[in-house]
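Structure data (mmCIF, C-alpha atoms (C1' of nucleotides)) from upload_39.cif:
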data_upload
#
loop_
_atom_site.label_atom_id
_atom_site.label_comp_id
_atom_site.auth_asym_id
_atom_site.auth_seq_id
_atom_site.Cartn_x
_atom_site.Cartn_y
_atom_site.Cartn_z
CA MET A 1 -48.43 6.22 49.99
CA VAL A 2 -44.99 4.77 50.44
CA LYS A 3 -43.46 5.91 53.71
CA LYS A 4 -39.84 6.60 54.39
CA THR A 5 -39.48 3.95 57.05
CA GLY A 6 -36.21 2.60 55.76
CA ARG A 7 -38.05 -0.29 54.17
CA PRO A 8 -37.64 0.15 50.42
CA GLY A 9 -40.67 1.24 48.47
CA TYR A 10 -40.88 -1.77 46.22
CA LEU A 11 -41.11 -4.00 49.31
CA GLN A 12 -43.74 -1.78 50.91
CA ILE A 13 -45.90 -1.97 47.81
CA ALA A 14 -45.37 -5.72 47.53
CA ASP A 15 -46.39 -6.08 51.18
CA GLU A 16 -49.50 -4.03 50.65
CA LEU A 17 -50.56 -6.00 47.57
CA ARG A 18 -49.83 -9.28 49.37
CA GLU A 19 -52.05 -8.14 52.21
CA GLN A 20 -54.87 -7.14 49.87
CA ILE A 21 -54.69 -10.56 48.25
CA ARG A 22 -54.52 -12.40 51.54
CA SER A 23 -57.50 -10.51 52.91
CA GLY A 24 -59.51 -11.17 49.77
CA SER A 25 -59.69 -7.49 48.98
CA ILE A 26 -58.49 -8.60 45.57
CA ALA A 27 -60.12 -11.96 45.02
CA PRO A 28 -58.57 -14.94 43.20
CA GLY A 29 -59.09 -14.62 39.47
CA GLU A 30 -59.43 -10.89 39.69
CA PRO A 31 -56.88 -8.56 38.15
CA LEU A 32 -54.66 -6.17 40.04
CA PRO A 33 -54.94 -2.53 39.02
CA SER A 34 -52.74 -1.76 36.06
CA THR A 35 -49.13 -0.78 36.57
CA ALA A 36 -49.91 2.84 35.82
CA GLN A 37 -52.83 2.91 38.25
CA LEU A 38 -50.77 1.33 41.02
CA ALA A 39 -48.00 3.83 40.42
CA GLU A 40 -50.45 6.66 40.84
CA THR A 41 -52.26 5.33 43.91
CA PHE A 42 -48.99 4.53 45.67
CA GLY A 43 -47.33 7.72 44.58
CA ALA A 44 -44.45 5.72 43.16
CA SER A 45 -42.72 5.47 39.83
CA LEU A 46 -43.59 2.87 37.23
CA SER A 47 -40.26 1.19 37.85
CA VAL A 48 -40.81 0.36 41.51
CA VAL A 49 -44.34 -0.86 40.82
CA LYS A 50 -43.02 -3.18 38.15
CA MET A 51 -40.46 -4.49 40.62
CA SER A 52 -43.18 -5.12 43.21
CA VAL A 53 -45.43 -6.96 40.80
CA GLY A 54 -42.41 -8.91 39.60
CA LEU A 55 -41.84 -10.07 43.17
CA LEU A 56 -45.39 -11.34 43.54
CA ARG A 57 -45.10 -13.01 40.18
CA ASN A 58 -41.92 -14.74 41.28
CA GLU A 59 -43.64 -15.89 44.45
CA GLY A 60 -46.41 -17.41 42.38
CA LEU A 61 -49.06 -15.29 44.08
CA VAL A 62 -50.14 -13.77 40.79
CA VAL A 63 -49.80 -14.56 37.13
CA GLY A 64 -49.38 -11.98 34.41
CA GLN A 65 -50.99 -12.05 31.01
CA GLN A 66 -49.37 -9.77 28.50
CA GLY A 67 -51.80 -7.25 27.16
CA LYS A 68 -54.48 -8.03 29.72
CA GLY A 69 -53.32 -7.69 33.28
CA VAL A 70 -51.95 -9.41 36.37
CA PHE A 71 -54.35 -11.82 38.01
CA VAL A 72 -54.50 -13.37 41.46
CA ARG A 73 -53.90 -17.11 41.30
CA GLU A 74 -57.00 -19.23 41.75
CA ASP A 75 -54.98 -22.08 43.22
CA ALA A 76 -55.57 -23.94 46.44
CA PRO A 77 -52.62 -25.49 48.22
CA PRO A 78 -52.81 -29.30 47.70
CA ALA A 79 -50.96 -30.04 50.97
CA ASP A 80 -51.06 -33.85 50.74
CA ASP A 81 -47.60 -35.30 50.51
CA ILE A 82 -45.73 -32.40 49.10
CA ARG A 83 -42.34 -34.05 49.18
CA ALA A 84 -43.52 -37.02 47.15
CA GLU A 85 -45.11 -34.67 44.69
CA LEU A 86 -41.85 -32.74 44.45
CA THR A 87 -39.91 -35.91 43.71
CA ALA A 88 -42.35 -36.89 41.00
CA LEU A 89 -42.21 -33.42 39.49
CA ARG A 90 -38.42 -33.42 39.55
CA ALA A 91 -38.37 -36.71 37.68
CA ALA A 92 -40.92 -35.50 35.15
CA VAL A 93 -38.99 -32.31 34.51
CA ALA A 94 -35.74 -34.19 34.05
CA ASP A 95 -37.42 -36.53 31.58
CA LEU A 96 -38.98 -33.67 29.62
CA THR A 97 -35.66 -31.85 29.55
CA ARG A 98 -33.88 -34.83 28.07
CA ARG A 99 -36.49 -35.38 25.40
CA LEU A 100 -36.65 -31.70 24.52
CA GLU A 101 -32.89 -31.48 24.16
CA GLN A 102 -32.99 -34.35 21.72
CA LEU A 103 -35.71 -32.63 19.72
CA GLU A 104 -33.85 -29.35 19.64
CA GLU A 105 -30.69 -31.12 18.54
CA SER A 106 -32.33 -32.79 15.57
CA ALA A 107 -34.19 -29.62 14.70
CA SER A 108 -31.01 -27.56 14.52
CA GLN A 109 -29.39 -30.24 12.36
CA ARG A 110 -32.33 -30.21 9.97
CA ILE A 111 -32.06 -26.44 9.64
CA ALA A 112 -28.31 -26.56 9.14
CA THR A 113 -28.52 -29.10 6.31
CA SER A 114 -31.44 -27.50 4.49
CA MET B 1 -23.31 -16.72 28.29
CA VAL B 2 -27.01 -15.93 28.35
CA LYS B 3 -28.76 -17.76 25.55
CA LYS B 4 -31.71 -16.56 23.54
CA THR B 5 -34.08 -19.31 24.56
CA GLY B 6 -36.95 -16.98 25.24
CA ARG B 7 -36.22 -17.29 28.94
CA PRO B 8 -35.26 -13.84 30.17
CA GLY B 9 -31.63 -13.23 30.96
CA TYR B 10 -32.09 -12.28 34.58
CA LEU B 11 -33.79 -15.63 35.19
CA GLN B 12 -31.07 -17.54 33.33
CA ILE B 13 -28.41 -15.93 35.48
CA ALA B 14 -30.42 -16.55 38.64
CA ASP B 15 -30.80 -20.19 37.64
CA GLU B 16 -27.09 -20.52 37.03
CA LEU B 17 -26.16 -18.95 40.36
CA ARG B 18 -28.75 -21.08 42.13
CA GLU B 19 -27.19 -24.16 40.57
CA GLN B 20 -23.67 -23.13 41.54
CA ILE B 21 -24.84 -22.64 45.11
CA ARG B 22 -26.79 -25.89 45.19
CA SER B 23 -23.82 -27.83 43.84
CA GLY B 24 -21.50 -26.25 46.35
CA SER B 25 -19.47 -24.59 43.63
CA ILE B 26 -19.95 -21.47 45.71
CA ALA B 27 -19.86 -22.68 49.29
CA PRO B 28 -21.96 -21.31 52.15
CA GLY B 29 -20.32 -18.28 53.71
CA GLU B 30 -18.44 -17.52 50.53
CA PRO B 31 -19.16 -14.41 48.50
CA LEU B 32 -20.55 -14.36 45.01
CA PRO B 33 -18.41 -12.57 42.45
CA SER B 34 -19.08 -8.86 42.43
CA THR B 35 -21.86 -7.44 40.32
CA ALA B 36 -19.37 -6.11 37.80
CA GLN B 37 -17.58 -9.44 37.52
CA LEU B 38 -20.83 -11.35 37.08
CA ALA B 39 -21.90 -8.91 34.41
CA GLU B 40 -18.71 -9.56 32.50
CA THR B 41 -18.66 -13.35 32.84
CA PHE B 42 -22.31 -13.62 31.82
CA GLY B 43 -22.02 -11.05 29.09
CA ALA B 44 -24.90 -9.13 30.59
CA SER B 45 -25.48 -5.60 31.77
CA LEU B 46 -25.12 -4.53 35.37
CA SER B 47 -28.86 -4.06 35.58
CA VAL B 48 -29.83 -7.63 34.81
CA VAL B 49 -27.19 -8.97 37.17
CA LYS B 50 -28.54 -6.79 39.93
CA MET B 51 -32.02 -8.14 39.21
CA SER B 52 -30.73 -11.72 39.39
CA VAL B 53 -28.93 -11.20 42.67
CA GLY B 54 -32.01 -9.43 43.98
CA LEU B 55 -34.05 -12.54 43.22
CA LEU B 56 -31.70 -14.80 45.16
CA ARG B 57 -31.69 -12.30 47.98
CA ASN B 58 -35.47 -12.34 48.02
CA GLU B 59 -35.45 -16.11 48.09
CA GLY B 60 -33.16 -16.04 51.09
CA LEU B 61 -30.46 -18.01 49.32
CA VAL B 62 -27.93 -15.24 49.80
CA VAL B 63 -27.54 -12.21 52.00
CA GLY B 64 -25.99 -8.95 50.89
CA GLN B 65 -23.70 -6.79 52.96
CA GLN B 66 -23.36 -3.27 51.69
CA GLY B 67 -19.81 -2.43 50.85
CA LYS B 68 -18.59 -6.00 51.14
CA GLY B 69 -20.41 -8.44 48.93
CA VAL B 70 -23.20 -10.97 48.62
CA PHE B 71 -22.70 -14.13 50.64
CA VAL B 72 -24.24 -17.58 50.43
CA ARG B 73 -26.35 -18.28 53.48
CA GLU B 74 -24.67 -20.62 55.98
CA ASP B 75 -27.89 -22.09 57.29
CA ALA B 76 -30.79 -23.41 55.28
CA PRO B 77 -29.38 -26.02 52.91
CA PRO B 78 -31.67 -25.38 49.95
CA ALA B 79 -31.69 -29.06 49.02
CA ASP B 80 -34.39 -29.61 51.64
CA ASP B 81 -35.97 -26.26 51.20
CA ILE B 82 -39.32 -26.85 49.61
CA ARG B 83 -39.81 -23.25 48.64
CA ALA B 84 -36.52 -23.08 46.79
CA GLU B 85 -37.23 -26.41 45.17
CA LEU B 86 -40.62 -25.18 44.05
CA THR B 87 -39.10 -22.04 42.64
CA ALA B 88 -36.53 -24.05 40.73
CA LEU B 89 -39.15 -26.46 39.40
CA ARG B 90 -41.46 -23.65 38.39
CA ALA B 91 -38.55 -22.05 36.57
CA ALA B 92 -37.69 -25.33 34.86
CA VAL B 93 -41.26 -25.92 33.74
CA ALA B 94 -41.56 -22.39 32.40
CA ASP B 95 -38.31 -22.85 30.52
CA LEU B 96 -39.40 -26.16 29.04
CA THR B 97 -42.76 -24.73 28.04
CA ARG B 98 -41.20 -21.85 26.15
CA ARG B 99 -38.70 -24.05 24.35
CA LEU B 100 -41.41 -26.50 23.39
CA GLU B 101 -43.60 -23.73 22.04
CA GLN B 102 -40.71 -22.49 19.96
CA LEU B 103 -40.19 -25.95 18.53
CA GLU B 104 -43.87 -26.35 17.79
CA GLU B 105 -43.92 -22.99 16.09
CA SER B 106 -41.03 -23.78 13.76
CA ALA B 107 -42.44 -27.25 13.13
CA SER B 108 -45.80 -25.87 12.02
CA GLN B 109 -44.05 -23.37 9.76
CA ARG B 110 -41.99 -26.11 8.17
CA ILE B 111 -45.13 -28.11 7.46
CA ALA B 112 -47.01 -25.12 6.10
CA THR B 113 -44.30 -24.16 3.62
CA SER B 114 -43.42 -27.63 2.43
"C1'" DG C 1 4.03 5.32 64.23
"C1'" DT C 2 -0.44 6.79 64.32
"C1'" DT C 3 -4.22 9.41 62.67
"C1'" DG C 4 -7.13 10.93 59.41
"C1'" DC C 5 -8.41 11.60 54.81
"C1'" DC C 6 -9.49 9.97 50.39
"C1'" DA C 7 -10.03 7.19 46.29
"C1'" DA C 8 -11.77 2.85 44.67
"C1'" DC C 9 -14.93 -0.53 45.03
"C1'" DA C 10 -18.94 -2.82 46.91
"C1'" DT C 11 -24.29 -3.42 47.55
"C1'" DA C 12 -28.76 -1.23 47.34
"C1'" DG C 13 -32.56 1.66 45.72
"C1'" DT C 14 -34.87 4.71 42.44
"C1'" DT C 15 -36.11 6.59 38.14
"C1'" DA C 16 -36.41 7.05 33.24
"C1'" DA C 17 -36.16 5.59 28.58
"C1'" DC C 18 -36.67 2.37 25.02
"C1'" DC C 19 -38.22 -1.91 23.08
"C1'" DT C 20 -41.25 -6.15 22.41
"C1'" DA C 21 -45.62 -8.09 22.32
"C1'" DG C 22 -50.53 -9.16 23.41
"C1'" DT C 23 -55.41 -7.24 23.85
"C1'" DT C 24 -59.29 -4.38 22.84
"C1'" DG C 25 -62.36 -1.26 20.86
"C1'" DG C 26 -63.44 1.94 17.51
"C1'" DC C 27 -63.33 3.61 12.97
"C1'" DT C 28 -62.71 3.29 8.14
"C1'" DT C 29 -63.09 1.06 4.00
"C1'" DG C 30 -64.76 -2.13 0.82
"C1'" DC D 1 -72.91 -5.05 7.40
"C1'" DA D 2 -68.29 -7.16 7.64
"C1'" DA D 3 -63.26 -7.05 7.42
"C1'" DG D 4 -59.43 -5.19 8.55
"C1'" DC D 5 -56.62 -1.68 10.20
"C1'" DC D 6 -55.09 1.25 13.85
"C1'" DA D 7 -54.61 3.70 18.19
"C1'" DA D 8 -54.51 3.08 23.07
"C1'" DC D 9 -53.80 0.28 26.62
"C1'" DT D 10 -51.59 -3.77 28.91
"C1'" DA D 11 -47.37 -6.65 30.81
"C1'" DG D 12 -42.62 -7.69 30.41
"C1'" DG D 13 -37.50 -7.15 29.53
"C1'" DT D 14 -33.27 -4.46 29.13
"C1'" DT D 15 -30.20 -0.78 29.86
"C1'" DA D 16 -28.35 3.38 31.77
"C1'" DA D 17 -27.84 7.03 35.04
"C1'" DC D 18 -27.93 8.75 39.46
"C1'" DT D 19 -27.99 8.51 44.54
"C1'" DA D 20 -26.97 6.63 49.10
"C1'" DT D 21 -24.13 4.08 51.96
"C1'" DG D 22 -20.67 0.84 53.68
"C1'" DT D 23 -15.78 -1.19 53.34
"C1'" DT D 24 -10.99 -1.19 52.49
"C1'" DG D 25 -6.39 0.11 51.53
"C1'" DG D 26 -3.04 3.48 50.73
"C1'" DC D 27 -0.98 7.74 51.40
"C1'" DA D 28 -0.01 12.08 53.47
"C1'" DA D 29 0.34 14.87 57.46
"C1'" DC D 30 1.32 15.32 62.00
#
Please express the file's structure as structure tokens.
Amino acid sequence: MVKKTGRPGYLQIADELREQIRSGSIAPGEPLPSTAQLAETFGASLSVVKMSVGLLRNEGLVVGQQGKGVFVREDAPPADDIRAELTALRAAVADLTRRLEQLEESASQRIATS
Amino acid sequence: MVKKTGRPGYLQIADELREQIRSGSIAPGEPLPSTAQLAETFGASLSVVKMSVGLLRNEGLVVGQQGKGVFVREDAPPADDIRAELTALRAAVADLTRRLEQLEESASQRIATS
DNA sequence: GTTGCCAACATAGTTAACCTAGTTGGCTTG
DNA sequence: CAAGCCAACTAGGTTAACTATGTTGGCAAC
């Protein structure tokens, strides 16, 4: 399935999967074929398929569930004021990080003194 | 250098490099340390470093030149780049989630055995 | 001095092996 | 029948080995 066009195989497979998702050929909420199945249908090794799926995962197009499969995200793009939302999220993450670090600190102390 | 926080090493290294680029510690147009050097400074294998650099390459933060090195993109200041910001935030949330789950796990064990 | 070769180093891609861990379904045992 | 174990499948992470290819600097030969 992968052609020797100079474009690396793991990108070709990622492209193809992206296209199948975009076209609805694999609908939101539905699972991709398993890694082994993809490897067979694309005539590629397990390694390159895992790289391809990892790309889509990194892009947020799909989410993986260990033991079950890799599923197409159901999400819809909110598209209101994205920048404001980003600012709010940044603040929230910073706050959570600070609080979590405090928790971890006290937890490690409790373990050390027990 | 990579910590055992549950967050995979190749993401930790990618985060760190992203931060060094964002902060200007590695300026646009400058090369990243070589794969071998990164592997040594992070105490990781060549493979995970290659995965990390591959991520940044995929995100468009850096461009690789075979035989020379991997260079920080001159254009596209990632501070305004919503995609990069989203990626970073997603990464941060995932990291926080894992750490929190770890804390909750140890907390429930402590309660159960007390 | 210049040319050309060559070794060392660089990114990039592919494959394979091994490990962890979650899910599921069937079978065995009580 | 019900409980629990176990085998087979799943994703995910790590490492190593090999190949291809590009760059650079030094050295030898002419």
When the PyMOL selection byres ((chain D) within 9 of (chain A)) is applied to the file above, which residues end up in the set, as a list in words? DC9, DT10, DA11 and DG12 of chain D
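For the pair CA of Ala91 in chain B and CA of Leu17 in chain B, the interatomic distance is 13.3 Å.
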Excluding range 6-18 of chain C and its own-chain neighbours fewer than 2 positions away, which residues fall within 12 Å of it when counting all atoms listed in the file? Please give them as number ranges by chain. A: 6-11, 44-51; B: 31-37, 50-51, 53-54, 57, 63-71; C: 4, 20; D: 13-28
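Counting from CA of Phe42 in chain B, the distance to CA of Ile13 in chain B is 7.5 Å.
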Give me the residues near DA2 in chain D as a list in words, where near means some atom within 12 Å (using all atoms listed in the file) and where sequence neighbours in that chain fewer than 4 positions away do not count. DT28, DT29 and DG30 of chain C
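Across the model, the gap from CA of Gln12 in chain B to CA of Thr41 in chain B is 13.1 Å.
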Under the rule that all atoms listed in the file are counted, which of A:Glu74, A:Arg22, A:Gly29, A:Ala14 is the nearest residue to chain B? A:Ala14
Evaluate the PyMOL selection byres ((chain D and resi 5) around 12) against this structure - the residues, as an NGL selection string, please. (:C and (26-29)) or (:D and (3-4 or 6-7))
Return range 40-63 of chain B, completed with N, CA, C and O atoms, as a short mmCIF file (atom, residue, chain, number, x, y, z; two decimals), in the frame of the given file.
data_model
loop_
_atom_site.label_atom_id
_atom_site.label_comp_id
_atom_site.auth_asym_id
_atom_site.auth_seq_id
_atom_site.Cartn_x
_atom_site.Cartn_y
_atom_site.Cartn_z
N GLU B 40 -19.67 -9.26 33.56
CA GLU B 40 -18.71 -9.56 32.50
C GLU B 40 -18.74 -11.04 32.13
O GLU B 40 -18.81 -11.39 30.94
N THR B 41 -18.71 -11.91 33.14
CA THR B 41 -18.66 -13.35 32.84
C THR B 41 -19.94 -13.82 32.16
O THR B 41 -19.89 -14.76 31.36
N PHE B 42 -21.06 -13.20 32.46
CA PHE B 42 -22.31 -13.62 31.82
C PHE B 42 -22.59 -12.84 30.55
O PHE B 42 -23.56 -13.14 29.85
N GLY B 43 -21.77 -11.86 30.27
CA GLY B 43 -22.02 -11.05 29.09
C GLY B 43 -23.33 -10.30 29.19
O GLY B 43 -24.04 -10.15 28.21
N ALA B 44 -23.64 -9.84 30.38
CA ALA B 44 -24.90 -9.13 30.59
C ALA B 44 -24.62 -7.74 31.14
O ALA B 44 -23.48 -7.42 31.49
N SER B 45 -25.64 -6.94 31.22
CA SER B 45 -25.48 -5.60 31.77
C SER B 45 -25.53 -5.66 33.30
O SER B 45 -25.97 -6.64 33.89
N LEU B 46 -25.08 -4.60 33.92
CA LEU B 46 -25.12 -4.53 35.37
C LEU B 46 -26.55 -4.67 35.87
O LEU B 46 -26.82 -5.31 36.88
N SER B 47 -27.47 -4.09 35.13
CA SER B 47 -28.86 -4.06 35.58
C SER B 47 -29.43 -5.46 35.74
O SER B 47 -30.05 -5.78 36.76
N VAL B 48 -29.23 -6.30 34.74
CA VAL B 48 -29.83 -7.63 34.81
C VAL B 48 -29.16 -8.46 35.91
O VAL B 48 -29.82 -9.24 36.59
N VAL B 49 -27.87 -8.25 36.10
CA VAL B 49 -27.19 -8.97 37.17
C VAL B 49 -27.76 -8.55 38.53
O VAL B 49 -28.02 -9.39 39.40
N LYS B 50 -27.98 -7.25 38.68
CA LYS B 50 -28.54 -6.79 39.93
C LYS B 50 -29.93 -7.40 40.15
O LYS B 50 -30.29 -7.75 41.28
N MET B 51 -30.71 -7.52 39.08
CA MET B 51 -32.02 -8.14 39.21
C MET B 51 -31.88 -9.60 39.65
O MET B 51 -32.62 -10.07 40.52
N SER B 52 -30.93 -10.31 39.05
CA SER B 52 -30.73 -11.72 39.39
C SER B 52 -30.36 -11.88 40.86
O SER B 52 -30.93 -12.69 41.58
N VAL B 53 -29.37 -11.11 41.28
CA VAL B 53 -28.93 -11.20 42.67
C VAL B 53 -30.08 -10.81 43.60
O VAL B 53 -30.27 -11.42 44.67
N GLY B 54 -30.86 -9.82 43.18
CA GLY B 54 -32.01 -9.43 43.98
C GLY B 54 -32.99 -10.57 44.16
O GLY B 54 -33.57 -10.73 45.24
N LEU B 55 -33.17 -11.37 43.12
CA LEU B 55 -34.05 -12.54 43.22
C LEU B 55 -33.55 -13.50 44.29
O LEU B 55 -34.30 -13.90 45.17
N LEU B 56 -32.27 -13.85 44.20
CA LEU B 56 -31.70 -14.80 45.16
C LEU B 56 -31.79 -14.24 46.58
O LEU B 56 -32.05 -14.97 47.54
N ARG B 57 -31.59 -12.94 46.68
CA ARG B 57 -31.69 -12.30 47.98
C ARG B 57 -33.12 -12.45 48.51
O ARG B 57 -33.33 -12.79 49.68
N ASN B 58 -34.07 -12.22 47.63
CA ASN B 58 -35.47 -12.34 48.02
C ASN B 58 -35.82 -13.76 48.42
O ASN B 58 -36.64 -13.99 49.31
N GLU B 59 -35.19 -14.71 47.78
CA GLU B 59 -35.45 -16.11 48.09
C GLU B 59 -34.75 -16.55 49.38
O GLU B 59 -34.98 -17.64 49.87
N GLY B 60 -33.86 -15.71 49.87
CA GLY B 60 -33.16 -16.04 51.09
C GLY B 60 -31.96 -16.94 50.88
O GLY B 60 -31.36 -17.43 51.83
N LEU B 61 -31.61 -17.16 49.62
CA LEU B 61 -30.46 -18.01 49.32
C LEU B 61 -29.15 -17.33 49.68
O LEU B 61 -28.19 -17.97 50.08
N VAL B 62 -29.14 -16.02 49.53
CA VAL B 62 -27.93 -15.24 49.80
C VAL B 62 -28.31 -14.03 50.64
O VAL B 62 -29.48 -13.64 50.70
N VAL B 63 -27.32 -13.46 51.28
CA VAL B 63 -27.54 -12.21 52.00
C VAL B 63 -26.49 -11.21 51.54
O VAL B 63 -25.33 -11.55 51.35
#
